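Raw contents of query22.tsv, TSV, C-alpha atoms and all ligand atoms:
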```
chain	number	residue	atom	x	y	z
P	3	MET	CA	-28.39	3.57	-0.58
P	4	ALA	CA	-27.54	0.23	-2.17
P	5	ALA	CA	-24.01	-0.11	-3.51
P	6	LYS	CA	-23.80	0.21	-7.29
P	7	TRP	CA	-20.88	-2.15	-7.74
P	8	GLY	CA	-19.76	-5.34	-6.06
P	9	ILE	CA	-16.69	-3.82	-4.47
P	10	THR	CA	-16.86	-1.06	-1.87
P	11	LEU	CA	-13.69	0.66	-0.69
P	12	TYR	CA	-13.86	2.39	2.68
P	13	HIS	CA	-11.28	5.11	2.54
P	14	SER	CA	-10.24	8.38	4.07
P	15	PRO	CA	-8.55	11.22	2.20
P	16	ALA	CA	-4.76	11.36	2.56
P	17	SER	CA	-4.42	7.94	4.13
P	18	ARG	CA	-3.06	4.46	3.47
P	19	ALA	CA	-6.33	3.75	1.66
P	20	PHE	CA	-4.55	5.29	-1.34
P	21	THR	CA	-2.86	1.90	-1.88
P	22	ALA	CA	-6.09	-0.05	-2.29
P	23	TYR	CA	-7.52	2.75	-4.44
P	24	TRP	CA	-4.44	2.65	-6.69
P	25	LEU	CA	-4.67	-1.12	-7.10
P	26	LEU	CA	-8.37	-0.92	-7.97
P	27	GLU	CA	-7.49	1.64	-10.64
P	28	GLU	CA	-4.72	-0.62	-11.99
P	29	LEU	CA	-7.15	-3.53	-12.15
P	30	GLY	CA	-9.75	-1.41	-13.92
P	31	VAL	CA	-12.63	-2.86	-11.95
P	32	PRO	CA	-15.62	-0.72	-10.97
P	33	PHE	CA	-15.98	0.05	-7.29
P	34	ASP	CA	-17.92	2.21	-4.89
P	35	VAL	CA	-16.18	4.49	-2.44
P	36	GLN	CA	-17.40	5.17	1.09
P	37	THR	CA	-15.56	7.93	2.88
P	38	VAL	CA	-14.63	7.23	6.49
P	39	ASP	CA	-13.09	10.53	7.47
P	40	ILE	CA	-10.39	9.75	10.02
P	41	SER	CA	-9.94	13.45	10.76
P	42	LYS	CA	-13.53	13.41	12.09
P	43	GLY	CA	-13.20	10.10	13.96
P	44	ASP	CA	-15.53	8.19	11.60
P	45	GLN	CA	-13.23	5.16	11.85
P	46	LYS	CA	-14.19	4.64	15.52
P	47	LYS	CA	-17.95	4.73	14.97
P	48	PRO	CA	-19.81	1.47	15.78
P	49	ASP	CA	-20.97	0.77	12.23
P	50	TYR	CA	-17.45	0.98	10.86
P	51	LEU	CA	-15.94	-0.95	13.76
P	52	LYS	CA	-18.21	-3.83	12.79
P	53	LEU	CA	-16.32	-3.95	9.47
P	54	ASN	CA	-12.88	-3.26	10.87
P	55	PRO	CA	-12.51	-3.63	14.65
P	56	SER	CA	-9.09	-1.95	14.44
P	57	GLY	CA	-10.84	1.27	13.45
P	58	LYS	CA	-8.47	1.91	10.56
P	59	VAL	CA	-8.76	2.41	6.82
P	60	PRO	CA	-8.76	0.90	4.28
P	61	THR	CA	-11.33	-1.87	4.33
P	62	ILE	CA	-13.06	-3.42	1.34
P	63	THR	CA	-16.15	-5.50	0.87
P	64	ASP	CA	-16.71	-7.53	-2.27
P	65	GLY	CA	-20.07	-9.20	-2.07
P	66	LYS	CA	-19.88	-11.19	1.17
P	67	VAL	CA	-16.09	-10.98	1.38
P	68	LEU	CA	-14.71	-8.48	3.90
P	69	VAL	CA	-10.98	-7.68	3.91
P	70	SER	CA	-8.87	-5.22	5.86
P	71	GLU	CA	-5.09	-4.65	6.13
P	72	ASN	CA	-3.63	-3.27	2.93
P	73	PRO	CA	-1.45	-6.25	1.95
P	74	ALA	CA	-4.37	-8.62	2.48
P	75	ILE	CA	-6.61	-6.35	0.41
P	76	CYS	CA	-4.01	-6.23	-2.38
P	77	LEU	CA	-3.52	-10.00	-2.32
P	78	TYR	CA	-7.26	-10.59	-2.44
P	79	LEU	CA	-8.01	-8.09	-5.21
P	80	ALA	CA	-5.08	-9.12	-7.40
P	81	ASP	CA	-5.89	-12.83	-7.10
P	82	ARG	CA	-9.56	-12.18	-7.72
P	83	TYR	CA	-9.29	-9.68	-10.58
P	84	GLY	CA	-5.70	-9.86	-11.85
P	85	TYR	CA	-4.69	-13.49	-11.43
P	86	GLY	CA	-1.87	-14.23	-13.85
P	87	SER	CA	-1.35	-10.53	-14.62
P	88	LEU	CA	-0.93	-8.30	-11.55
P	89	ALA	CA	-0.75	-11.44	-9.37
P	90	PRO	CA	1.60	-14.23	-10.47
P	91	LYS	CA	-0.21	-17.54	-10.47
P	92	ILE	CA	0.38	-19.97	-7.63
P	93	ASP	CA	2.79	-22.12	-9.69
P	94	GLU	CA	4.73	-19.29	-11.32
P	95	THR	CA	8.29	-18.89	-10.01
P	96	GLU	CA	7.66	-15.21	-9.30
P	97	ARG	CA	4.88	-16.05	-6.84
P	98	GLY	CA	7.32	-16.49	-3.95
P	99	ALA	CA	8.97	-13.09	-4.34
P	100	TYR	CA	5.55	-11.55	-4.89
P	101	LEU	CA	4.23	-12.88	-1.58
P	102	LYS	CA	7.41	-11.89	0.23
P	103	TRP	CA	7.26	-8.26	-0.92
P	104	MET	CA	3.59	-8.04	-0.03
P	105	VAL	CA	4.27	-9.09	3.54
P	106	TYR	CA	7.52	-7.12	3.72
P	107	SER	CA	5.63	-3.87	3.08
P	108	THR	CA	3.87	-3.64	6.43
P	109	ALA	CA	5.70	-6.32	8.44
P	110	VAL	CA	9.17	-4.88	7.80
P	111	LEU	CA	9.37	-1.54	6.04
P	112	GLU	CA	6.49	0.37	7.64
P	113	PRO	CA	7.27	-0.38	11.31
P	114	LEU	CA	10.97	0.23	10.70
P	115	LEU	CA	10.25	3.64	9.17
P	116	VAL	CA	7.87	4.62	11.95
P	117	LEU	CA	10.48	3.81	14.59
P	118	HIS	CA	13.32	5.37	12.61
P	119	GLY	CA	11.24	8.56	12.24
P	120	LYS	CA	11.03	8.68	16.03
P	121	LYS	CA	14.79	8.17	16.26
P	122	ILE	CA	14.36	4.67	17.62
P	123	ASP	CA	16.88	2.47	15.83
P	124	LEU	CA	16.93	-0.93	17.47
P	125	PRO	CA	19.66	-3.46	16.68
P	126	GLY	CA	18.43	-5.60	13.79
P	127	ARG	CA	18.63	-8.82	15.79
P	128	GLU	CA	16.19	-7.46	18.39
P	129	THR	CA	13.39	-6.99	15.87
P	130	GLY	CA	11.70	-8.99	13.18
P	131	PHE	CA	12.72	-6.51	10.54
P	132	GLY	CA	16.44	-5.79	10.80
P	133	ASP	CA	18.09	-2.40	11.12
P	134	TYR	CA	17.55	0.64	8.93
P	135	ASP	CA	20.72	0.34	6.82
P	136	GLU	CA	20.17	-3.36	6.26
P	137	VAL	CA	16.63	-2.78	5.02
P	138	ILE	CA	17.71	0.05	2.70
P	139	GLY	CA	20.41	-2.30	1.40
P	140	VAL	CA	17.89	-5.07	0.75
P	141	LEU	CA	15.57	-2.70	-1.13
P	142	THR	CA	18.23	-1.04	-3.26
P	143	LYS	CA	20.00	-4.31	-4.15
P	144	SER	CA	16.69	-5.95	-5.05
P	145	LEU	CA	15.67	-3.09	-7.34
P	146	GLN	CA	19.12	-2.40	-8.82
P	147	GLY	CA	18.94	-3.06	-12.58
P	148	HIS	CA	15.25	-3.95	-12.42
P	149	LYS	CA	12.21	-1.96	-13.39
P	150	TYR	CA	10.01	-3.53	-10.73
P	151	LEU	CA	10.18	-5.88	-7.75
P	152	LEU	CA	9.64	-8.88	-10.06
P	153	GLY	CA	12.07	-7.64	-12.71
P	154	ASP	CA	10.34	-6.35	-15.84
P	155	ARG	CA	6.94	-7.40	-14.60
P	156	PHE	CA	4.78	-4.85	-12.80
P	157	SER	CA	2.67	-6.49	-10.11
P	158	ALA	CA	0.39	-5.69	-7.21
P	159	ALA	CA	3.47	-5.98	-4.97
P	160	ASP	CA	4.75	-2.77	-6.60
P	161	VAL	CA	1.48	-1.08	-5.68
P	162	MET	CA	1.75	-2.27	-2.07
P	163	LEU	CA	5.43	-1.87	-1.31
P	164	GLY	CA	5.72	0.95	-3.84
P	165	SER	CA	3.10	2.96	-1.94
P	166	VAL	CA	5.12	2.66	1.24
P	167	ILE	CA	8.33	3.64	-0.57
P	168	SER	CA	6.68	6.50	-2.41
P	169	THR	CA	5.14	7.96	0.73
P	170	ALA	CA	8.37	7.53	2.67
P	171	LEU	CA	10.41	9.32	-0.02
P	172	TYR	CA	7.89	12.15	-0.02
P	173	ARG	CA	8.20	12.43	3.76
P	174	LYS	CA	11.99	12.11	3.57
P	175	GLU	CA	11.91	8.97	5.69
P	176	LEU	CA	13.99	7.14	3.06
P	177	PRO	CA	17.25	8.40	1.54
P	178	GLU	CA	17.11	9.82	-1.98
P	179	HIS	CA	19.04	6.83	-3.29
P	180	PRO	CA	19.01	6.84	-7.13
P	181	VAL	CA	17.63	3.30	-7.30
P	182	LEU	CA	14.69	4.22	-5.07
P	183	MET	CA	14.12	7.53	-6.85
P	184	ASP	CA	14.07	5.87	-10.29
P	185	TYR	CA	11.72	3.16	-9.07
P	186	ASN	CA	9.43	5.77	-7.55
P	187	ALA	CA	9.43	7.77	-10.77
P	188	ARG	CA	8.34	4.67	-12.72
P	189	LEU	CA	5.46	4.16	-10.30
P	190	THR	CA	4.32	7.74	-10.04
P	191	HIS	CA	4.17	8.10	-13.84
P	192	ARG	CA	1.49	5.44	-14.08
P	193	GLU	CA	-1.97	6.70	-15.02
P	194	ALA	CA	-3.66	4.60	-12.34
P	195	TYR	CA	-1.37	6.12	-9.69
P	196	HIS	CA	-2.49	9.59	-10.79
P	197	ARG	CA	-6.15	8.72	-10.82
P	198	ALA	CA	-5.89	7.36	-7.28
P	199	ALA	CA	-3.80	10.29	-6.06
P	200	ASP	CA	-6.20	12.82	-7.57
P	201	ALA	CA	-9.12	11.07	-5.89
P	202	THR	CA	-7.58	10.56	-2.46
P	203	TRP	CA	-4.94	13.26	-1.83
P	204	PRO	CA	-6.55	16.71	-1.63
P	205	PRO	CA	-4.26	19.25	-3.36
P	206	HIS	CA	-4.07	21.51	-0.28
P	207	LEU	CA	-2.03	18.84	1.49
P	208	PHE	CA	0.70	19.22	-1.13
P	209	SER	CA	0.65	22.99	-1.23
P	210	ALA	CA	0.92	23.13	2.58
P	211	GLY	CA	4.60	22.22	2.12
S	1	LIG	N1	-2.02	-1.95	9.13
S	1	LIG	C1	-3.04	-1.16	8.48
S	1	LIG	C2	-2.75	0.29	8.78
S	1	LIG	C3	-3.90	1.18	8.41
S	1	LIG	C4	-3.75	2.55	9.04
S	1	LIG	O1	-2.90	2.80	9.89
S	1	LIG	N2	-4.62	3.47	8.63
S	1	LIG	C5	-4.63	4.78	9.24
S	1	LIG	C6	-4.70	5.84	8.15
S	1	LIG	S1	-3.21	5.99	7.26
S	1	LIG	C7	-5.88	4.95	10.08
S	1	LIG	O2	-6.91	4.46	9.74
S	1	LIG	N3	-5.75	5.69	11.19
S	1	LIG	C8	-6.86	6.04	11.99
S	1	LIG	C9	-6.69	5.67	13.43
S	1	LIG	O3	-5.76	4.94	13.77
S	1	LIG	O4	-7.49	6.14	14.22
S	1	LIG	C10	-3.04	-1.43	6.98
S	1	LIG	O5	-1.97	-1.77	6.44
S	1	LIG	O6	-4.10	-1.37	6.34
```

Show the structure stored in the file as C-alpha cells.
Amino acid sequence: MAAKWGITLYHSPASRAFTAYWLLEELGVPFDVQTVDISKGDQKKPDYLKLNPSGKVPTITDGKVLVSENPAICLYLADRYGYGSLAPKIDETERGAYLKWMVYSTAVLEPLLVLHGKKIDLPGRETGFGDYDEVIGVLTKSLQGHKYLLGDRFSAADVMLGSVISTALYRKELPEHPVLMDYNARLTHREAYHRAADATWPPHLFSAG
C-alpha cells in the first residue's frame, strides 16, 4: 500500500523509536507508521535491513531521504520542519549547545548508562564519555535553574536527550536528583510526549512493574 504521507516512521512498540515519534508529534507533521516488531525479529528481515543495515529501530524515510540513528533523525526532522523553532538556526548562538546535546545523548549518556547498568564503571579518561559521577554532574549543573537544555527554550535536543534521561529515570539507571526529576516532569507533561507514549508504549509494560 502506498504511503499516505511523505514521512514514514519505522518503529517498534516499547523501543527507542519513541523518541522520533515524540518529535514528530511535537512538530505536528503528518506521518505514516510502519511497525517493525523487534520482539518478532522483523528488524533483521531483508527488506528492513535494506533501509537500516544495523537492523535497529527507528528509521525514517521522507520522500527520497532515508535517516537512521535517533539523533540524526531528530536533527533532520527539526531542521526540515522546525527550523528556527525546535531547531535553532545555524547562526543562532544556541545552535552550538543544541548540536552538542544531540550528540551527547547517544555518544555519551546512553553508552555510559548501559555500562553502568552492567556494573562496568571505567575510569573517565579511558572512555570518550567520562565517568558516571562526572556525567551526572554535567547534566545537573547544565539544567540547574533552567527549564530546558537551552534555557527557557524547548528544542528537539530536549526530545532526544530528554528521552534518554526519562527512560533512565524510569529504569532507575539515573539517581532521583531533584534537577533531573523536575526536568523530566516538565517533559512528561507535554501533550506530544503523551501522544507518543500512548501510541508506542503498550500499557501492559507499565503494569508489569
Ligand atoms: N543507536 C541507535 C540505537 C537503536 C536501538 O538500539 N534500537 C533497539 C530498540 S530500543 C533495536 O532496534 N533493537 C533491536 C536489535 O538490536 O535487534 C539509535 O540511536 O537509533

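Distances here use all atoms listed in the file; by that measure, the residue among P:Glu178, P:Asp135, P:Asp123, P:Glu71 closest to ligand LIG 1 (chain S) is P:Glu71.
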
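Counting all atoms listed in the file, Ala201 in chain P has the following residues at most 9 Å away, ignoring those fewer than 2 positions along the same chain: P:Pro15, P:Phe20, P:Tyr23, P:His196, P:Arg197, P:Ala198, P:Ala199, P:Trp203, P:Pro204.
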
Residues of chain P at most 12 Å from ligand LIG 1 (chain S): nearest atom pair and distance in Å, all atoms listed in the file, as JSON lines:
```
{"residue": "P:Tyr12", "atom": "CA", "partner": "S:LIG1", "partner_atom": "O2", "distance": 10.1}
{"residue": "P:His13", "atom": "CA", "partner": "S:LIG1", "partner_atom": "O2", "distance": 8.4}
{"residue": "P:Ser14", "atom": "CA", "partner": "S:LIG1", "partner_atom": "C6", "distance": 7.3}
{"residue": "P:Pro15", "atom": "CA", "partner": "S:LIG1", "partner_atom": "C6", "distance": 8.9}
{"residue": "P:Ala16", "atom": "CA", "partner": "S:LIG1", "partner_atom": "S1", "distance": 7.3}
{"residue": "P:Ser17", "atom": "CA", "partner": "S:LIG1", "partner_atom": "S1", "distance": 3.9}
{"residue": "P:Arg18", "atom": "CA", "partner": "S:LIG1", "partner_atom": "S1", "distance": 4.1}
{"residue": "P:Ala19", "atom": "CA", "partner": "S:LIG1", "partner_atom": "S1", "distance": 6.8}
{"residue": "P:Phe20", "atom": "CA", "partner": "S:LIG1", "partner_atom": "S1", "distance": 8.7}
{"residue": "P:Thr21", "atom": "CA", "partner": "S:LIG1", "partner_atom": "O6", "distance": 8.9}
{"residue": "P:Ala22", "atom": "CA", "partner": "S:LIG1", "partner_atom": "O6", "distance": 9.0}
{"residue": "P:Thr37", "atom": "CA", "partner": "S:LIG1", "partner_atom": "O2", "distance": 11.6}
{"residue": "P:Val38", "atom": "CA", "partner": "S:LIG1", "partner_atom": "O2", "distance": 8.8}
{"residue": "P:Asp39", "atom": "CA", "partner": "S:LIG1", "partner_atom": "C8", "distance": 8.9}
{"residue": "P:Ile40", "atom": "CA", "partner": "S:LIG1", "partner_atom": "C8", "distance": 5.5}
{"residue": "P:Ser41", "atom": "CA", "partner": "S:LIG1", "partner_atom": "C8", "distance": 8.1}
{"residue": "P:Lys42", "atom": "CA", "partner": "S:LIG1", "partner_atom": "O4", "distance": 9.7}
{"residue": "P:Gly43", "atom": "CA", "partner": "S:LIG1", "partner_atom": "O4", "distance": 7.0}
{"residue": "P:Asp44", "atom": "CA", "partner": "S:LIG1", "partner_atom": "O4", "distance": 8.7}
{"residue": "P:Gln45", "atom": "CA", "partner": "S:LIG1", "partner_atom": "O4", "distance": 6.3}
{"residue": "P:Lys46", "atom": "CA", "partner": "S:LIG1", "partner_atom": "O4", "distance": 7.0}
{"residue": "P:Lys47", "atom": "CA", "partner": "S:LIG1", "partner_atom": "O4", "distance": 10.6}
{"residue": "P:Tyr50", "atom": "CA", "partner": "S:LIG1", "partner_atom": "O2", "distance": 11.2}
{"residue": "P:Leu51", "atom": "CA", "partner": "S:LIG1", "partner_atom": "O4", "distance": 11.0}
{"residue": "P:Asn54", "atom": "CA", "partner": "S:LIG1", "partner_atom": "O2", "distance": 9.8}
{"residue": "P:Pro55", "atom": "CA", "partner": "S:LIG1", "partner_atom": "O3", "distance": 10.9}
{"residue": "P:Ser56", "atom": "CA", "partner": "S:LIG1", "partner_atom": "O3", "distance": 7.7}
{"residue": "P:Gly57", "atom": "CA", "partner": "S:LIG1", "partner_atom": "O4", "distance": 6.0}
{"residue": "P:Lys58", "atom": "CA", "partner": "S:LIG1", "partner_atom": "O2", "distance": 3.1}
{"residue": "P:Val59", "atom": "CA", "partner": "S:LIG1", "partner_atom": "O2", "distance": 4.0}
{"residue": "P:Pro60", "atom": "CA", "partner": "S:LIG1", "partner_atom": "O6", "distance": 5.6}
{"residue": "P:Thr61", "atom": "CA", "partner": "S:LIG1", "partner_atom": "O6", "distance": 7.5}
{"residue": "P:Ile62", "atom": "CA", "partner": "S:LIG1", "partner_atom": "O6", "distance": 10.5}
{"residue": "P:Val69", "atom": "CA", "partner": "S:LIG1", "partner_atom": "O6", "distance": 9.6}
{"residue": "P:Ser70", "atom": "CA", "partner": "S:LIG1", "partner_atom": "O6", "distance": 6.1}
{"residue": "P:Glu71", "atom": "CA", "partner": "S:LIG1", "partner_atom": "O6", "distance": 3.4}
{"residue": "P:Asn72", "atom": "CA", "partner": "S:LIG1", "partner_atom": "O6", "distance": 3.9}
{"residue": "P:Pro73", "atom": "CA", "partner": "S:LIG1", "partner_atom": "O5", "distance": 6.4}
{"residue": "P:Ala74", "atom": "CA", "partner": "S:LIG1", "partner_atom": "O6", "distance": 8.2}
{"residue": "P:Ile75", "atom": "CA", "partner": "S:LIG1", "partner_atom": "O6", "distance": 8.1}
{"residue": "P:Cys76", "atom": "CA", "partner": "S:LIG1", "partner_atom": "O6", "distance": 10.0}
{"residue": "P:Met104", "atom": "CA", "partner": "S:LIG1", "partner_atom": "O5", "distance": 10.6}
{"residue": "P:Val105", "atom": "CA", "partner": "S:LIG1", "partner_atom": "O5", "distance": 10.0}
{"residue": "P:Tyr106", "atom": "CA", "partner": "S:LIG1", "partner_atom": "O5", "distance": 11.2}
{"residue": "P:Ser107", "atom": "CA", "partner": "S:LIG1", "partner_atom": "O5", "distance": 8.6}
{"residue": "P:Thr108", "atom": "CA", "partner": "S:LIG1", "partner_atom": "O5", "distance": 6.1}
{"residue": "P:Ala109", "atom": "CA", "partner": "S:LIG1", "partner_atom": "N1", "distance": 8.9}
{"residue": "P:Val110", "atom": "CA", "partner": "S:LIG1", "partner_atom": "N1", "distance": 11.6}
{"residue": "P:Leu111", "atom": "CA", "partner": "S:LIG1", "partner_atom": "O5", "distance": 11.3}
{"residue": "P:Glu112", "atom": "CA", "partner": "S:LIG1", "partner_atom": "O5", "distance": 8.8}
{"residue": "P:Pro113", "atom": "CA", "partner": "S:LIG1", "partner_atom": "N1", "distance": 9.7}
{"residue": "P:Val116", "atom": "CA", "partner": "S:LIG1", "partner_atom": "O1", "distance": 11.1}
{"residue": "P:Met162", "atom": "CA", "partner": "S:LIG1", "partner_atom": "O5", "distance": 9.3}
{"residue": "P:Leu163", "atom": "CA", "partner": "S:LIG1", "partner_atom": "O5", "distance": 10.7}
{"residue": "P:Ser165", "atom": "CA", "partner": "S:LIG1", "partner_atom": "O5", "distance": 10.9}
{"residue": "P:Val166", "atom": "CA", "partner": "S:LIG1", "partner_atom": "O5", "distance": 9.8}
{"residue": "P:Thr169", "atom": "CA", "partner": "S:LIG1", "partner_atom": "S1", "distance": 10.8}
{"residue": "P:Thr202", "atom": "CA", "partner": "S:LIG1", "partner_atom": "S1", "distance": 11.6}
{"residue": "P:Trp203", "atom": "CA", "partner": "S:LIG1", "partner_atom": "S1", "distance": 11.8}
```

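CA of Ser144 in chain P is found 23.7 Å from CA of Gly84 in chain P.
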
*Nearby residues (only C-alpha atoms) at most 12 Å from Val181 in chain P, same-chain spacing under 6 positions excluded, as an MDAnalysis selection string*: chainID P and resid 138:151 167 171 187:188

Practice task
Mind listing whatever residues come within 8 Å of the point (-5.8, -5.6, -10.4)? Use all atoms listed in the file, file coordinates, and give them as an NGL selection string.
Solution key: :P and (25-31 or 79-81 or 83-84 or 87-89 or 158)

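If you measure from each of P:Ser157, P:Tyr85, P:Ile9, P:Lys120 to Lys66 in chain P using all atoms listed in the file, the closest one turns out to be P:Ile9.
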
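Interatomic distance, CA of Asp49 in chain P to CA of Pro32 in chain P: 23.9 Å.
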
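Using all atoms listed in the file, the nearest neighbour of Thr10 in chain P within the list P:Glu136, P:Pro125, P:Pro48, P:Leu53 is P:Leu53.
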
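One finds CA of Gly130 in chain P at 23.7 Å from CA of Glu96 in chain P.
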